[in-house]
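Colleague: Once you've had a glance at the structure underneath, I'll fire off some questions.
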Amino acid sequence: MTSASTFPSADGLWTGLRLAPGAAPGTTPDADTEAAIAVAEGTVRWVGARSALPAEFAGLPPHDGRGALVTPGLVDCHTHLVYGGQRANEFAMRLAGASYEEVAKAGGGIVSSVRATREADEDALFAQAAPRLEQLLADGVCAIEIKSGYGLALEHERKQLRVARRLGEAYGVTVRTTFLGAHALPPEYAGRSGDYIDLVCNEMLPALAAEGLVDAVDVFCERIAFTLAETEQVFQAAKALGLPVKLHAEQLSDMGGAALAARYGARSCDHIEHLSAEGIEAMRQSGTVAVLLPGAYYTLRDTHLPPIEALRTAGVPMAVSTDHNPGTSPALSLLLMMNMACTLFRLTVPEALAGVTLHAARALGLQKTHGAIAEGMPANFVLWNVRDAAELAYWFGQRPVRTVVRQGRIAVGAAQ
């Protein structure tokens with residue numbers, strides 16, 4: 001593993017670039033116009049057509065993009081990256097006909113990952129998660145959310161969140177941690193979900209927040225997980241601590257979770273295959289992002305599509321993410337998720353690209369630092385060996401990354 005501190009600085013004048021549509025809001029160059037990006041002290045100082053470059057930046061050290069297409073750094077806004085073990089056997093069970101709920105009731109599902117996570121120490125969890133993160137970073141990811149939720153006890157949730165922080169430091173990538181203690185009912189609380197939610201709200205969340213390990217709070221609100229009332233209890237605890245909320249909402253049924261989350265100003269509602277018109281309207285009013293997770297839809301062989309056209313009509317921003325997790329979306333390519341979002345959910349290419357940049361950043365509260373190339377924002381952008389932005393969603397299995405500038409440093413490749 002290369003230490004993030006050894007990455008060379010990206011400071012200088014980046015020329016020979018073609019801006020992908022929407023990459024730099026407020027600029028006019030199209031993909032056929034040579035663009036330039038001026039970077040100083042790790043921050044974008046100017047972006048636009050090279051012909052309009054201010055004289056003050058002309059003397060910066062040169063980086064020749066050689067005609068590369070440039071986009072903002074990608075943002076993977078929903079992952080469960082830190083966990084022990086894997087669940088390929090459950091994949092085989094589903095292929096043999098078992099449903100997601102049947103797998104969970106048989107003792108598999110989330111609780112099987114809980115066992116493996118509890119058995120692993122921090123170093124072991126870091127060693128398992130690091131190669132997964134490297135795969136995502138190789139796709140141009142510059143910011144990522146990592147949830148807990150496989151510990152389901154204070155010491156083990158703490159362990160997951162600490163590893164998430166370590167990953168960010170080690171790889172020089174922006175990591176946002178989300179506490180998902182209300183992910184499943186641990187075996188020792190079988191039949192006592194109320195007691196467990198009390199533990200989550202009164203002990204686990206306050207302790208982890210006090211340690212600076214929590215950036216947001218999430219709940220799995222579903223028939224096989226937690227009720228609407230239990231979800232609201234967690235949201236109230238998060239609000240009391242000044243923490244933003246998110247929600248696993250309407251994945252398997254319409255629980256009304258999205259409308260509840262919107263009332264609490266949720267940053268995002270994720271999955272949302274069964275999202276109602278009322279939920280969409282509530283999200284529109286609150287500015288909540290709809291996070292589409294085609295990897296889980298694909299893995300579970302779901303047939304109930306998210307209400308894409310209704311979201312589009314309402315103007316609800318749509319993000320796209322891997323939902324990387326060991327049970328229902330063992331996906332390690334955000335570019336592949338772009339393809340799936342287009343082919344399975346019928347997103348347009350501009351929607352898919354915005355879904356892994358601008359809207360994904362908003363889903364994490366990172367819109368001021370990620371998701372766009374703009375003056376005053378940290379330098380997070382990717383140079384691609386493609387002619388058209390559509391190729392980013394078109395190919396699957398190909399990694400056309402040429403150079404990744406992450407947190408103001410050249411993390412992958414190098415311009416000549």
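All residue names refer to the structure tokens as shown: chains lettered A, B, ... in order, residues numbered from 1 in each chain, ligands numbered from 1 in order.
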Can you pull out the residues contacting segment 292-300 of chain A? Cut-off 7 Å, using only C-alpha atoms, and skip same-chain residues under 5 positions away; I want them as a list in words.

Modeller: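 After dropping sequence-adjacent residues, the list is Asp270, His271, Met318, Ala319, Val320, Ser321, Thr322, Asp323, Thr328, Ser329, Ala331, Met337, Met340 and Ala341 of chain A.
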
Colleague: Can you write just those residues out, all heavy atoms, as a compact mmCIF listing (two decimals), in the first residue's frame?

Modeller:
```txt
# COMPACT_ATOMS: atom_id res chain seq x y z
N ASP A 270 -32.38 5.71 0.73
CA ASP A 270 -31.62 4.81 -0.13
C ASP A 270 -32.38 3.51 -0.38
O ASP A 270 -33.07 3.01 0.50
CB ASP A 270 -30.27 4.52 0.51
CG ASP A 270 -29.47 5.77 0.85
OD1 ASP A 270 -30.10 6.81 1.16
OD2 ASP A 270 -28.24 5.72 0.82
N HIS A 271 -32.23 2.99 -1.57
CA HIS A 271 -32.93 1.83 -2.14
C HIS A 271 -34.21 2.32 -2.83
O HIS A 271 -34.31 2.31 -4.03
CB HIS A 271 -33.25 0.75 -1.11
CG HIS A 271 -32.07 -0.03 -0.65
ND1 HIS A 271 -31.41 -0.93 -1.46
CD2 HIS A 271 -31.42 -0.05 0.54
CE1 HIS A 271 -30.40 -1.47 -0.80
NE2 HIS A 271 -30.38 -0.95 0.41
N MET A 318 -31.13 12.39 -7.86
CA MET A 318 -30.90 10.95 -7.79
C MET A 318 -29.41 10.66 -7.80
O MET A 318 -28.70 11.02 -8.75
CB MET A 318 -31.58 10.24 -8.95
CG MET A 318 -33.10 10.29 -8.92
SD MET A 318 -33.90 9.41 -10.30
CE MET A 318 -33.61 10.57 -11.67
N ALA A 319 -28.93 10.03 -6.74
CA ALA A 319 -27.55 9.57 -6.66
C ALA A 319 -27.49 8.08 -6.99
O ALA A 319 -28.51 7.39 -6.94
CB ALA A 319 -26.97 9.84 -5.27
N VAL A 320 -26.30 7.62 -7.31
CA VAL A 320 -26.07 6.21 -7.62
C VAL A 320 -24.88 5.74 -6.79
O VAL A 320 -23.86 6.45 -6.70
CB VAL A 320 -25.78 6.00 -9.11
CG1 VAL A 320 -25.44 4.53 -9.41
CG2 VAL A 320 -26.97 6.44 -9.96
N SER A 321 -24.99 4.58 -6.18
CA SER A 321 -23.90 4.08 -5.34
C SER A 321 -23.77 2.57 -5.47
O SER A 321 -24.66 1.89 -5.99
CB SER A 321 -24.16 4.47 -3.88
OG SER A 321 -23.09 4.08 -3.06
N THR A 322 -22.65 2.05 -4.95
CA THR A 322 -22.42 0.60 -5.04
C THR A 322 -23.22 -0.17 -4.01
O THR A 322 -23.51 -1.34 -4.23
CB THR A 322 -20.93 0.26 -4.82
OG1 THR A 322 -20.55 0.67 -3.50
CG2 THR A 322 -20.04 0.90 -5.87
N ASP A 323 -23.53 0.45 -2.85
CA ASP A 323 -24.09 -0.29 -1.72
C ASP A 323 -23.19 -1.48 -1.39
O ASP A 323 -23.67 -2.56 -1.04
CB ASP A 323 -25.52 -0.77 -2.02
CG ASP A 323 -26.20 -1.44 -0.82
OD1 ASP A 323 -25.77 -1.19 0.32
OD2 ASP A 323 -27.14 -2.23 -1.03
N THR A 328 -25.78 -8.52 -0.29
CA THR A 328 -26.69 -8.23 -1.39
C THR A 328 -26.12 -7.34 -2.47
O THR A 328 -26.79 -7.10 -3.48
CB THR A 328 -27.97 -7.56 -0.85
OG1 THR A 328 -27.63 -6.33 -0.21
CG2 THR A 328 -28.68 -8.46 0.16
N SER A 329 -24.88 -6.87 -2.30
CA SER A 329 -24.28 -6.06 -3.36
C SER A 329 -22.75 -6.07 -3.20
O SER A 329 -22.15 -5.07 -2.83
CB SER A 329 -24.80 -4.62 -3.34
OG SER A 329 -24.33 -3.91 -4.48
N ALA A 331 -20.38 -5.35 -4.81
CA ALA A 331 -19.93 -4.58 -5.97
C ALA A 331 -18.70 -3.76 -5.62
O ALA A 331 -18.66 -3.13 -4.57
CB ALA A 331 -21.05 -3.65 -6.45
N MET A 337 -21.87 0.38 -11.61
CA MET A 337 -23.17 0.82 -11.09
C MET A 337 -23.78 1.88 -12.00
O MET A 337 -25.01 1.95 -12.15
CB MET A 337 -23.02 1.36 -9.67
CG MET A 337 -22.56 0.35 -8.65
SD MET A 337 -23.59 -1.14 -8.53
CE MET A 337 -22.60 -2.31 -9.46
N MET A 340 -25.37 -0.09 -14.72
CA MET A 340 -26.60 -0.74 -14.25
C MET A 340 -27.72 0.28 -14.04
O MET A 340 -28.89 -0.01 -14.32
CB MET A 340 -26.33 -1.49 -12.94
CG MET A 340 -25.54 -2.76 -13.09
SD MET A 340 -25.45 -3.64 -11.51
CE MET A 340 -24.61 -5.13 -12.02
N ALA A 341 -27.37 1.46 -13.54
CA ALA A 341 -28.39 2.49 -13.34
C ALA A 341 -29.02 2.89 -14.67
O ALA A 341 -30.21 3.18 -14.74
CB ALA A 341 -27.80 3.71 -12.64
```

Colleague: Listing only residues of segment 78-191 of chain A within 8 Å of segment 405-415 of chain A, what is the closest atom pair and its distance in Å (to one decimal) for each, using only C-alpha atoms, sorted by chain and residue number ascending, as a Markdown table?

Modeller:
```
| residue | atom | partner | partner_atom | distance |
| --- | --- | --- | --- | --- |
| A:Ala138 | CA | A:Val412 | CA | 7.6 |
| A:Cys142 | CA | A:Arg406 | CA | 5.7 |
| A:Gly172 | CA | A:Gln407 | CA | 6.9 |
| A:Val173 | CA | A:Arg406 | CA | 6.8 |
| A:Thr174 | CA | A:Gln407 | CA | 7.8 |
```

Colleague: Between atom CA of Lys246 of chain A and atom CA of Leu81 of chain A, what is the distance in Å, rounded to a tenth?

Modeller: 17.0 Å

Colleague: Please return, as a VMD selection string, all residues of segment 289-336 of chain A that DSSP assigns to helix (DSSP H, G or I) on the basis of the backbone.

Modeller: chain A and resid 294 to 299 308 to 314 334 to 336

Colleague: I want to know what sits within 12 Å of Pro131 of chain A, based on only C-alpha atoms, with residues of the same chain fewer than 6 positions away left out; could you give that as a list in words?

Modeller: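 Answer for this query is Met1, Leu81, Val82, Leu125, Leu137, Ala138, Leu167, Tyr171 and Leu332 of chain A.
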
Colleague: Show which residues sit within 8 Å of Leu392 of chain A, as a ChimeraX atom specification. Count only C-alpha atoms, and ignore same-chain residues fewer than 5 positions away.

Modeller: /A:335,338-339,386,400

Colleague: Please, could you write that set of residues out with all heavy atoms as a compact mmCIF listing (two decimals), in the first residue's frame?

Modeller:
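Full text of part_28.txt as output:
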```txt
# COMPACT_ATOMS: atom_id res chain seq x y z
N LEU A 335 -18.30 2.54 -11.62
CA LEU A 335 -18.59 2.65 -13.05
C LEU A 335 -19.59 1.59 -13.48
O LEU A 335 -20.49 1.85 -14.29
CB LEU A 335 -17.31 2.52 -13.87
CG LEU A 335 -16.28 3.64 -13.73
CD1 LEU A 335 -15.07 3.35 -14.61
CD2 LEU A 335 -16.87 5.00 -14.08
N MET A 338 -22.95 2.73 -12.61
CA MET A 338 -23.47 3.68 -13.60
C MET A 338 -24.13 2.94 -14.74
O MET A 338 -25.24 3.29 -15.18
CB MET A 338 -22.34 4.56 -14.14
CG MET A 338 -21.82 5.61 -13.20
SD MET A 338 -20.51 6.60 -13.95
CE MET A 338 -21.41 7.44 -15.27
N ASN A 339 -23.46 1.91 -15.23
CA ASN A 339 -24.02 1.11 -16.32
C ASN A 339 -25.35 0.49 -15.92
O ASN A 339 -26.34 0.53 -16.66
CB ASN A 339 -23.02 0.03 -16.75
CG ASN A 339 -23.59 -0.89 -17.82
OD1 ASN A 339 -24.27 -1.85 -17.50
ND2 ASN A 339 -23.30 -0.60 -19.06
N VAL A 386 -11.17 8.27 -22.42
CA VAL A 386 -12.36 8.07 -23.24
C VAL A 386 -12.62 9.34 -24.04
O VAL A 386 -12.18 10.43 -23.67
CB VAL A 386 -13.61 7.73 -22.40
CG1 VAL A 386 -13.40 6.44 -21.62
CG2 VAL A 386 -13.97 8.87 -21.47
N PRO A 400 -11.11 2.91 -17.49
CA PRO A 400 -10.44 3.89 -18.35
C PRO A 400 -9.77 5.03 -17.60
O PRO A 400 -9.47 6.07 -18.18
CB PRO A 400 -11.57 4.40 -19.22
CG PRO A 400 -12.78 4.32 -18.34
CD PRO A 400 -12.58 3.11 -17.47
```

Colleague: Using only C-alpha atoms for the distances, tell me which of A:Pro330, A:Ala38, A:Ala129, A:Val291 is nearest to His359 of chain A.

Modeller: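 Of A:Pro330, A:Ala38, A:Ala129, A:Val291, the one nearest His359 of chain A, counting only C-alpha atoms, is A:Val291.
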
Colleague: Could you name the residues that touch segment 91-94 of chain A at 8 Å or less, counting only C-alpha atoms, but leaving out those on the same chain fewer than 4 positions away, as an MDAnalysis selection string?

Modeller: chainID A and resid 87 98:100 103 300 327

Colleague: Measuring between only C-alpha atoms, which one of A:Ile224, A:Ala229, A:Ala237, A:Ala40 shows the shortest distance to Pro378 of chain A?

Modeller: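 Nearest to Pro378 of chain A: A:Ala40.
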
Colleague: Can you write out as a Markdown table which residues of segment 29-147 of chain A fall within 7 Å of segment 21-24 of chain A, alongside each residue's closest atom pair and its distance in Å to one decimal, counting only C-alpha atoms and ordering rows by chain and ascending residue number?

Modeller:
```
| residue | atom | partner | partner_atom | distance |
| --- | --- | --- | --- | --- |
| A:Asp30 | CA | A:Pro21 | CA | 6.9 |
| A:Thr71 | CA | A:Ala23 | CA | 5.3 |
| A:Pro72 | CA | A:Ala23 | CA | 5.9 |
```

Colleague: Next, write the just-selected residues to a file, as a short mmCIF file (atom, residue, chain, number, x, y, z; two decimals), in the first residue's frame, keeping C-alpha atoms as the atom set.

Modeller:
```cif
data_model
loop_
_atom_site.label_atom_id
_atom_site.label_comp_id
_atom_site.auth_asym_id
_atom_site.auth_seq_id
_atom_site.Cartn_x
_atom_site.Cartn_y
_atom_site.Cartn_z
CA ASP A 30 -18.01 21.76 -24.15
CA THR A 71 -14.87 14.77 -14.46
CA PRO A 72 -15.13 15.53 -10.77
#
```

Colleague: From a backbone DSSP assignment, name each residue in segment 176-303 of chain A labelled strand (DSSP E), as a list in words.

Modeller: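 The strand (DSSP E) residues within segment 176-303 of chain A come out as Arg176, Thr177, Thr178, Phe179, Leu180, Gly181, Ala182, Ala216, Val217, Asp218, Val219, Lys246, Leu247, His248, Ala249, Ser268, Cys269, Asp270, His271, Val289, Ala290, Val291 and Leu292 of chain A.
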
Colleague: Just how far from atom CA of Glu56 of chain A is atom CA of Asp11 of chain A, in Å to one decimal?

Modeller: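 Between atom CA of Asp11 of chain A and atom CA of Glu56 of chain A the gap works out to 14.2 Å.
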
Colleague: Quick one: pull the distance between atom CA of Thr28 of chain A and atom CA of Gly48 of chain A, Å, one decimal.

Modeller: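 That distance, rounded to one decimal, is 7.3 Å.
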
Colleague: Report as an MDAnalysis selection string all protein, DNA and RNA residues lying within 7 Å of Val175 of chain A, evaluated on only C-alpha atoms, omitting residues in the same chain fewer than 2 positions from it.

Modeller: chainID A and resid 143:146 165 168 173 177

Colleague: Output all heavy atoms for every residue in the selection just made, as a compact mmCIF listing (two decimals), in the first residue's frame.

Modeller:
```txt
# COMPACT_ATOMS: atom_id res chain seq x y z
N ALA A 143 -14.33 10.19 -2.71
CA ALA A 143 -15.01 10.30 -1.41
C ALA A 143 -15.93 9.10 -1.27
O ALA A 143 -16.51 8.63 -2.26
CB ALA A 143 -15.80 11.60 -1.30
N ILE A 144 -16.04 8.62 -0.04
CA ILE A 144 -16.83 7.40 0.17
C ILE A 144 -17.47 7.43 1.55
O ILE A 144 -16.88 7.93 2.51
CB ILE A 144 -15.93 6.15 0.01
CG1 ILE A 144 -16.75 4.86 0.10
CG2 ILE A 144 -14.79 6.14 1.01
CD1 ILE A 144 -15.95 3.61 -0.30
N GLU A 145 -18.68 6.92 1.62
CA GLU A 145 -19.33 6.71 2.90
C GLU A 145 -19.07 5.27 3.34
O GLU A 145 -19.12 4.35 2.51
CB GLU A 145 -20.84 6.95 2.79
CG GLU A 145 -21.56 6.83 4.14
CD GLU A 145 -22.82 6.00 4.09
OE1 GLU A 145 -22.88 5.01 3.32
OE2 GLU A 145 -23.75 6.31 4.85
N ILE A 146 -18.78 5.08 4.63
CA ILE A 146 -18.63 3.74 5.19
C ILE A 146 -19.52 3.64 6.42
O ILE A 146 -19.37 4.41 7.37
CB ILE A 146 -17.17 3.42 5.56
CG1 ILE A 146 -16.28 3.53 4.31
CG2 ILE A 146 -17.06 2.04 6.17
CD1 ILE A 146 -14.79 3.30 4.58
N ARG A 165 -12.22 5.30 9.72
CA ARG A 165 -11.38 6.49 9.85
C ARG A 165 -9.94 6.18 9.42
O ARG A 165 -9.30 6.98 8.73
CB ARG A 165 -11.40 6.98 11.29
CG ARG A 165 -12.72 7.60 11.75
CD ARG A 165 -12.83 9.04 11.25
NE ARG A 165 -13.89 9.75 11.94
CZ ARG A 165 -14.97 10.25 11.33
NH1 ARG A 165 -15.14 10.10 10.03
NH2 ARG A 165 -15.89 10.90 12.02
N GLY A 168 -9.49 6.15 5.64
CA GLY A 168 -9.42 7.49 5.06
C GLY A 168 -8.05 8.10 5.21
O GLY A 168 -7.51 8.71 4.27
N VAL A 173 -8.24 9.57 1.21
CA VAL A 173 -9.55 9.69 0.59
C VAL A 173 -10.53 10.21 1.64
O VAL A 173 -10.42 9.89 2.82
CB VAL A 173 -10.03 8.33 0.03
CG1 VAL A 173 -10.12 7.26 1.12
CG2 VAL A 173 -11.36 8.46 -0.69
N THR A 177 -18.32 8.65 7.87
CA THR A 177 -18.76 7.49 8.63
C THR A 177 -20.23 7.64 9.01
O THR A 177 -20.67 8.72 9.40
CB THR A 177 -17.94 7.32 9.92
OG1 THR A 177 -18.00 8.55 10.66
CG2 THR A 177 -16.49 7.00 9.59
```

Colleague: Quick one: of A:Ala10, A:Leu213, A:Ala238, A:Leu74, who's nearest to Gly265 of chain A, counting only C-alpha atoms?

Modeller: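 Distance minimum relative to Gly265 of chain A lands on A:Ala238.
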
Colleague: For Ala20 of chain A, work out the shell of residues within 12 Å, counting only C-alpha atoms and skipping chain neighbours fewer than 2 positions away, then give it as number ranges by chain.

Modeller: A: 17-18, 22-25, 27-35, 48, 67-73, 349-350, 353-354, 357, 372-373, 381-384, 386-392
